[in-house]
Amino acid sequence: MFTRADALALDADDPLAFARARFSLPVGLTYLDGNSLGALPRRTATRVGDTIAREWGQGLVGSWSEWFGWPAKLGAKIARLIGAGPDEVIVTDNTSVNVFKLAAAALSLRPERRVIVTEAGNFPTDLYMLRGLGSLTDIEVRAVAPAEIAGALDEHVALLWLTHTHYRTGAVHDMAALTAAAHAKGALAGWDLSHSAGAVAVDLKAAQADLATGCGYKYLNGGPGAPAYAYVAGRHHEALTQPLTGWIGHAAPFDFGDDYAPARGVARLLTGTPGVLGLAALASGLATFDGIDMPAAAAKSRALGDLFLDLAAEHCPALEPACPREGRGAQVSLRHPHAEPIMQALIARGVVGDVRPPDVLRFGFPALYTRYVDVWDGVEALAQVLESGEWQDSRFAQRRAVT
Ligand SMILES: *Cc1c(COP(=O)(O)O)cnc(C)c1O
């Protein structure tokens, strides 16, 4: 039988264990929710403080000459984690806005086509933004079940837009196969990497993906509401257009001309003035990946998740897996009809995961700071919550506003 001592032994042998020192985590807390909000890097407060006190406070407006380069510089750092070229990624806006811009870009690259195919049950903002874009023109958004995606592609489809790792189930799509299926019908393929970048090995170039975006605050540790990033394959840069033509995406913003001319490449996805403090925090988040091999990190996350599933099967028989064993991202999902009060009771015991309605308990295993012993402690606390029935206490009956 696997014991807590076995978990500690795995930690002692873990070649990635050193990376946990890059984070500042509360003592005594078992944090298994880095898939929702990445942990605080130890250097972020100093990094942002320096941007405030020195760059802003002393440098004032003169610091813009440095800050202006950050969206491209940070984009190049993210590129390494997702198999993109350094000039194919830019940090800008949030994921929702980037979905809109990229989908609009795809429609203008395929002007004779009027359909976007996506997955029913996709992350809500992807569905909402695609339909919002569709409401401006006569675009049909086809949201189909995962098994029907390939079959929904035809010669009317401009874009196949999918989330690579599903937020609820952790299931990972075969990016190369689905991109190839889209290309076979003449459509473009775009990917939301919010639960993939920094969590699973992604190779946009090998998959021939056309477009992608994702957020900076989950596995990339950029802090709450961190800026997002957008990727466009180099082969589309020349023809790339998008409708949110803000002045920062202009070729020469400081000429202040009346007419828009796009900046080179992905820089034309920029809209307005970037939030510099958010960029500084994201820079610190991305630095936690310095020297980290993504396939090795992804393999550790999978091993942590597999162990969690095995221990939960043994110690928490009331829970049903809601995630695949194979082809899973850096998270585990378990089902119980009373997921919400169970999670609240678990959090009261110092183990933090989250809930997705109606019945899914989610646990994330970012490789850089999650230990095998956290897996053990998490399952043990979960087993105690279930066995004791303490989740039925009235203090856990109220649904929280933000989960
Ligand atoms: C977290 C997440 C988002 C977040 O979008 P925001 O615009 O940053 O709120 C978008 N898509 C997916 C798939 C996500 O998991």
# chains A, B, ... in the order shown; residues from 1 in each chain; ligands from 1
>>> residues_near_ligand(ligand="ligand 1", cutoff="6 Å", atoms="only C-alpha atoms and all ligand atoms", output="PyMOL selection string")
chain A and resi 94-96+123+125+163+167+192+194-195+215
>>> residues_around(residues="stretch 15-26 of chain A", least_positions_apart="6", cutoff="7 Å", atoms="only C-alpha atoms", output="list in words")
Ala39, Leu40, Pro41, Arg42, Thr288, Leu368 and Tyr369 of chain A
>>> atom_distance(atom1="atom CA of A:Leu346", atom2="atom CA of A:Arg400")
14.0 Å
>>> closest_residue(among="A:Gly186, A:Phe256, A:Ala12, A:Gly275", to="A:Trp64", atoms="only C-alpha atoms")
A:Gly275
>>> select_by_dssp(residues="stretch 249-327 of chain A", states="helix (DSSP H, G or I)", output="PyMOL selection string")
chain A and resi 249+253-255+265-269+276-287+294-315
>>> write_last_selection(atoms="C-alpha atoms", output="CSV table (one decimal), in the first residue's frame")
chain,number,residue,atom,x,y,z
A,249,GLY,CA,-1.2,48.0,-33.1
A,253,PRO,CA,1.7,55.0,-33.3
A,254,PHE,CA,3.7,58.1,-32.5
A,255,ASP,CA,3.2,59.6,-36.0
A,265,GLY,CA,3.3,40.6,-37.8
A,266,VAL,CA,1.6,39.7,-34.5
A,267,ALA,CA,2.2,43.3,-33.2
A,268,ARG,CA,-0.9,44.3,-35.2
A,269,LEU,CA,-2.9,42.3,-32.6
A,276,VAL,CA,2.6,47.7,-17.5
A,277,LEU,CA,2.2,46.5,-13.9
A,278,GLY,CA,0.5,43.4,-15.2
A,279,LEU,CA,3.3,42.8,-17.7
A,280,ALA,CA,5.9,43.1,-14.9
A,281,ALA,CA,4.1,40.5,-12.8
A,282,LEU,CA,3.7,38.2,-15.9
A,283,ALA,CA,7.5,38.6,-16.6
A,284,SER,CA,8.1,37.3,-13.1
A,285,GLY,CA,5.6,34.4,-13.6
A,286,LEU,CA,7.3,33.4,-16.9
A,287,ALA,CA,10.7,33.5,-15.2
A,294,MET,CA,8.3,21.5,-20.7
A,295,PRO,CA,7.9,17.8,-21.6
A,296,ALA,CA,9.6,16.9,-18.2
A,297,ALA,CA,7.2,19.3,-16.3
A,298,ALA,CA,4.2,17.9,-18.2
A,299,ALA,CA,5.3,14.3,-17.3
A,300,LYS,CA,5.5,15.3,-13.6
A,301,SER,CA,2.0,16.8,-13.7
A,302,ARG,CA,0.7,13.6,-15.2
A,303,ALA,CA,2.4,11.5,-12.6
A,304,LEU,CA,1.0,13.6,-9.8
A,305,GLY,CA,-2.5,13.4,-11.4
A,306,ASP,CA,-2.2,9.6,-11.9
A,307,LEU,CA,-1.3,9.2,-8.2
A,308,PHE,CA,-4.2,11.4,-7.1
A,309,LEU,CA,-6.6,9.3,-9.2
A,310,ASP,CA,-5.2,6.0,-7.8
A,311,LEU,CA,-5.3,7.2,-4.2
A,312,ALA,CA,-8.8,8.6,-4.7
A,313,ALA,CA,-10.0,5.3,-6.1
A,314,GLU,CA,-8.7,3.6,-3.0
A,315,HIS,CA,-9.6,6.1,-0.3
>>> residues_around(residues="A:Asn122", least_positions_apart="2", cutoff="8 Å", atoms="only C-alpha atoms", output="count of residues only")
9
>>> residues_around(residues="A:Tyr260", least_positions_apart="6", cutoff="8 Å", atoms="only C-alpha atoms", output="PyMOL selection string")
chain A and resi 245+247+250
>>> residues_around(residues="A:Val117", least_positions_apart="5", cutoff="10 Å", atoms="only C-alpha atoms", output="mmCIF file with N, CA and C atoms, in the first residue's frame")
data_model
loop_
_atom_site.group_PDB
_atom_site.id
_atom_site.type_symbol
_atom_site.label_atom_id
_atom_site.label_comp_id
_atom_site.auth_asym_id
_atom_site.auth_seq_id
_atom_site.Cartn_x
_atom_site.Cartn_y
_atom_site.Cartn_z
ATOM 1 N N LEU A 130 -17.290 33.993 -29.785
ATOM 2 C CA LEU A 130 -17.517 33.580 -31.179
ATOM 3 C C LEU A 130 -18.914 33.990 -31.630
ATOM 4 N N GLU A 140 -22.213 31.701 -38.994
ATOM 5 C CA GLU A 140 -22.840 30.621 -38.234
ATOM 6 C C GLU A 140 -21.796 29.997 -37.318
ATOM 7 N N VAL A 141 -22.102 29.909 -36.015
ATOM 8 C CA VAL A 141 -21.211 29.225 -35.073
ATOM 9 C C VAL A 141 -21.805 27.851 -34.797
ATOM 10 N N ARG A 142 -21.104 26.805 -35.229
ATOM 11 C CA ARG A 142 -21.549 25.426 -35.021
ATOM 12 C C ARG A 142 -20.819 24.844 -33.830
ATOM 13 N N ALA A 143 -21.549 24.637 -32.722
ATOM 14 C CA ALA A 143 -20.942 24.026 -31.538
ATOM 15 C C ALA A 143 -21.405 22.572 -31.476
ATOM 16 N N VAL A 144 -20.463 21.649 -31.630
ATOM 17 C CA VAL A 144 -20.818 20.228 -31.721
ATOM 18 C C VAL A 144 -20.095 19.414 -30.646
ATOM 19 N N ILE A 149 -16.690 16.649 -34.124
ATOM 20 C CA ILE A 149 -15.942 17.807 -34.627
ATOM 21 C C ILE A 149 -15.467 17.577 -36.065
ATOM 22 N N ALA A 150 -14.777 16.464 -36.292
ATOM 23 C CA ALA A 150 -14.212 16.228 -37.630
ATOM 24 C C ALA A 150 -15.338 16.193 -38.678
ATOM 25 N N ALA A 152 -18.092 17.768 -38.659
ATOM 26 C CA ALA A 152 -18.756 19.072 -38.844
ATOM 27 C C ALA A 152 -17.963 19.986 -39.779
ATOM 28 N N LEU A 153 -16.771 19.545 -40.176
ATOM 29 C CA LEU A 153 -15.924 20.381 -41.047
ATOM 30 C C LEU A 153 -16.326 20.163 -42.499
ATOM 31 N N ASP A 154 -16.569 21.245 -43.211
ATOM 32 C CA ASP A 154 -16.846 21.149 -44.646
ATOM 33 C C ASP A 154 -16.295 22.393 -45.343
ATOM 34 N N VAL A 157 -16.538 26.029 -43.863
ATOM 35 C CA VAL A 157 -15.946 26.368 -42.561
ATOM 36 C C VAL A 157 -14.669 27.198 -42.750
ATOM 37 N N ALA A 158 -14.666 28.372 -42.117
ATOM 38 C CA ALA A 158 -13.478 29.227 -42.150
ATOM 39 C C ALA A 158 -12.509 28.838 -41.045
ATOM 40 N N LEU A 159 -13.064 28.464 -39.881
ATOM 41 C CA LEU A 159 -12.229 28.276 -38.689
ATOM 42 C C LEU A 159 -12.750 27.140 -37.815
ATOM 43 N N LEU A 160 -11.858 26.279 -37.405
ATOM 44 C CA LEU A 160 -12.128 25.338 -36.314
ATOM 45 C C LEU A 160 -11.474 25.935 -35.077
ATOM 46 N N TRP A 161 -12.294 26.304 -34.081
ATOM 47 C CA TRP A 161 -11.765 26.936 -32.866
ATOM 48 C C TRP A 161 -12.024 26.019 -31.671
ATOM 49 N N LEU A 162 -10.947 25.541 -31.059
ATOM 50 C CA LEU A 162 -11.092 24.605 -29.936
ATOM 51 C C LEU A 162 -10.226 25.019 -28.755
ATOM 52 N N ALA A 182 -8.985 20.115 -40.192
ATOM 53 C CA ALA A 182 -9.462 21.444 -40.623
ATOM 54 C C ALA A 182 -8.791 21.840 -41.928
ATOM 55 N N ALA A 187 -10.025 24.894 -44.029
ATOM 56 C CA ALA A 187 -10.298 25.789 -42.891
ATOM 57 C C ALA A 187 -9.017 26.030 -42.097
ATOM 58 N N ALA A 189 -7.215 26.442 -38.217
ATOM 59 C CA ALA A 189 -7.415 25.849 -36.887
ATOM 60 C C ALA A 189 -6.826 26.780 -35.829
#
>>> closest_residue(among="A:Pro86, A:Pro366, A:Gly170, A:Pro262", to="A:Val332", atoms="only C-alpha atoms")
A:Gly170
>>> decode(residues="stretch 269-353 of chain A", atoms="C-alpha atoms", output="PDB file, in the first residue's frame")
ATOM      1  CA  LEU A 269      -2.889  42.280 -32.571  1.00  0.00           C
ATOM      2  CA  LEU A 270      -2.048  44.938 -29.987  1.00  0.00           C
ATOM      3  CA  THR A 271      -4.943  47.303 -29.301  1.00  0.00           C
ATOM      4  CA  GLY A 272      -4.454  49.990 -26.628  1.00  0.00           C
ATOM      5  CA  THR A 273      -1.798  50.883 -24.091  1.00  0.00           C
ATOM      6  CA  PRO A 274      -0.686  47.715 -22.264  1.00  0.00           C
ATOM      7  CA  GLY A 275      -1.009  47.438 -18.472  1.00  0.00           C
ATOM      8  CA  VAL A 276       2.641  47.673 -17.497  1.00  0.00           C
ATOM      9  CA  LEU A 277       2.234  46.497 -13.889  1.00  0.00           C
ATOM     10  CA  GLY A 278       0.468  43.378 -15.163  1.00  0.00           C
ATOM     11  CA  LEU A 279       3.263  42.802 -17.658  1.00  0.00           C
ATOM     12  CA  ALA A 280       5.872  43.114 -14.894  1.00  0.00           C
ATOM     13  CA  ALA A 281       4.058  40.470 -12.829  1.00  0.00           C
ATOM     14  CA  LEU A 282       3.721  38.233 -15.889  1.00  0.00           C
ATOM     15  CA  ALA A 283       7.463  38.591 -16.567  1.00  0.00           C
ATOM     16  CA  SER A 284       8.099  37.274 -13.069  1.00  0.00           C
ATOM     17  CA  GLY A 285       5.612  34.425 -13.621  1.00  0.00           C
ATOM     18  CA  LEU A 286       7.315  33.403 -16.860  1.00  0.00           C
ATOM     19  CA  ALA A 287      10.729  33.512 -15.175  1.00  0.00           C
ATOM     20  CA  THR A 288       9.587  30.570 -13.013  1.00  0.00           C
ATOM     21  CA  PHE A 289       9.921  28.484 -16.218  1.00  0.00           C
ATOM     22  CA  ASP A 290      13.560  29.487 -16.819  1.00  0.00           C
ATOM     23  CA  GLY A 291      15.608  26.339 -17.386  1.00  0.00           C
ATOM     24  CA  ILE A 292      12.514  24.122 -17.150  1.00  0.00           C
ATOM     25  CA  ASP A 293      12.001  21.467 -19.825  1.00  0.00           C
ATOM     26  CA  MET A 294       8.264  21.529 -20.666  1.00  0.00           C
ATOM     27  CA  PRO A 295       7.933  17.808 -21.556  1.00  0.00           C
ATOM     28  CA  ALA A 296       9.557  16.917 -18.204  1.00  0.00           C
ATOM     29  CA  ALA A 297       7.234  19.295 -16.338  1.00  0.00           C
ATOM     30  CA  ALA A 298       4.206  17.890 -18.166  1.00  0.00           C
ATOM     31  CA  ALA A 299       5.276  14.327 -17.311  1.00  0.00           C
ATOM     32  CA  LYS A 300       5.525  15.250 -13.614  1.00  0.00           C
ATOM     33  CA  SER A 301       2.046  16.812 -13.661  1.00  0.00           C
ATOM     34  CA  ARG A 302       0.681  13.633 -15.224  1.00  0.00           C
ATOM     35  CA  ALA A 303       2.395  11.475 -12.607  1.00  0.00           C
ATOM     36  CA  LEU A 304       0.953  13.644  -9.805  1.00  0.00           C
ATOM     37  CA  GLY A 305      -2.509  13.397 -11.353  1.00  0.00           C
ATOM     38  CA  ASP A 306      -2.241   9.639 -11.857  1.00  0.00           C
ATOM     39  CA  LEU A 307      -1.264   9.219  -8.207  1.00  0.00           C
ATOM     40  CA  PHE A 308      -4.197  11.400  -7.140  1.00  0.00           C
ATOM     41  CA  LEU A 309      -6.595   9.277  -9.208  1.00  0.00           C
ATOM     42  CA  ASP A 310      -5.166   6.022  -7.810  1.00  0.00           C
ATOM     43  CA  LEU A 311      -5.315   7.203  -4.197  1.00  0.00           C
ATOM     44  CA  ALA A 312      -8.809   8.648  -4.651  1.00  0.00           C
ATOM     45  CA  ALA A 313     -10.032   5.349  -6.128  1.00  0.00           C
ATOM     46  CA  GLU A 314      -8.664   3.597  -3.042  1.00  0.00           C
ATOM     47  CA  HIS A 315      -9.638   6.074  -0.297  1.00  0.00           C
ATOM     48  CA  CYS A 316     -12.638   7.970  -1.730  1.00  0.00           C
ATOM     49  CA  PRO A 317     -14.888   5.370  -3.386  1.00  0.00           C
ATOM     50  CA  ALA A 318     -17.835   7.818  -3.418  1.00  0.00           C
ATOM     51  CA  LEU A 319     -16.099   9.869  -6.126  1.00  0.00           C
ATOM     52  CA  GLU A 320     -16.320   9.045  -9.831  1.00  0.00           C
ATOM     53  CA  PRO A 321     -13.519  10.123 -12.179  1.00  0.00           C
ATOM     54  CA  ALA A 322     -14.731  12.867 -14.543  1.00  0.00           C
ATOM     55  CA  CYS A 323     -11.449  13.014 -16.475  1.00  0.00           C
ATOM     56  CA  PRO A 324      -9.724  10.608 -18.823  1.00  0.00           C
ATOM     57  CA  ARG A 325      -6.811   8.522 -17.508  1.00  0.00           C
ATOM     58  CA  GLU A 326      -4.881   9.002 -20.775  1.00  0.00           C
ATOM     59  CA  GLY A 327      -4.863  12.241 -22.749  1.00  0.00           C
ATOM     60  CA  ARG A 328      -5.373  14.384 -19.662  1.00  0.00           C
ATOM     61  CA  GLY A 329      -3.871  17.798 -18.870  1.00  0.00           C
ATOM     62  CA  ALA A 330      -2.344  18.838 -15.551  1.00  0.00           C
ATOM     63  CA  GLN A 331      -5.645  18.487 -13.681  1.00  0.00           C
ATOM     64  CA  VAL A 332      -7.902  15.796 -12.279  1.00  0.00           C
ATOM     65  CA  SER A 333     -11.692  16.021 -12.108  1.00  0.00           C
ATOM     66  CA  LEU A 334     -13.888  13.919  -9.849  1.00  0.00           C
ATOM     67  CA  ARG A 335     -17.646  13.805  -9.719  1.00  0.00           C
ATOM     68  CA  HIS A 336     -19.986  13.901  -6.700  1.00  0.00           C
ATOM     69  CA  PRO A 337     -23.577  15.223  -6.532  1.00  0.00           C
ATOM     70  CA  HIS A 338     -22.563  17.408  -3.564  1.00  0.00           C
ATOM     71  CA  ALA A 339     -19.317  18.717  -5.036  1.00  0.00           C
ATOM     72  CA  GLU A 340     -19.741  22.288  -3.756  1.00  0.00           C
ATOM     73  CA  PRO A 341     -20.145  21.653  -0.005  1.00  0.00           C
ATOM     74  CA  ILE A 342     -17.511  18.899  -0.175  1.00  0.00           C
ATOM     75  CA  MET A 343     -15.022  21.363  -1.647  1.00  0.00           C
ATOM     76  CA  GLN A 344     -15.880  23.975   0.959  1.00  0.00           C
ATOM     77  CA  ALA A 345     -15.300  21.452   3.736  1.00  0.00           C
ATOM     78  CA  LEU A 346     -12.004  20.453   2.116  1.00  0.00           C
ATOM     79  CA  ILE A 347     -10.876  24.077   1.930  1.00  0.00           C
ATOM     80  CA  ALA A 348     -11.758  24.438   5.625  1.00  0.00           C
ATOM     81  CA  ARG A 349      -9.246  21.614   6.190  1.00  0.00           C
ATOM     82  CA  GLY A 350      -6.554  23.562   4.316  1.00  0.00           C
ATOM     83  CA  VAL A 351      -6.721  21.796   0.942  1.00  0.00           C
ATOM     84  CA  VAL A 352      -7.692  24.094  -1.923  1.00  0.00           C
ATOM     85  CA  GLY A 353      -9.248  22.859  -5.159  1.00  0.00           C
TER      86      GLY A 353
END
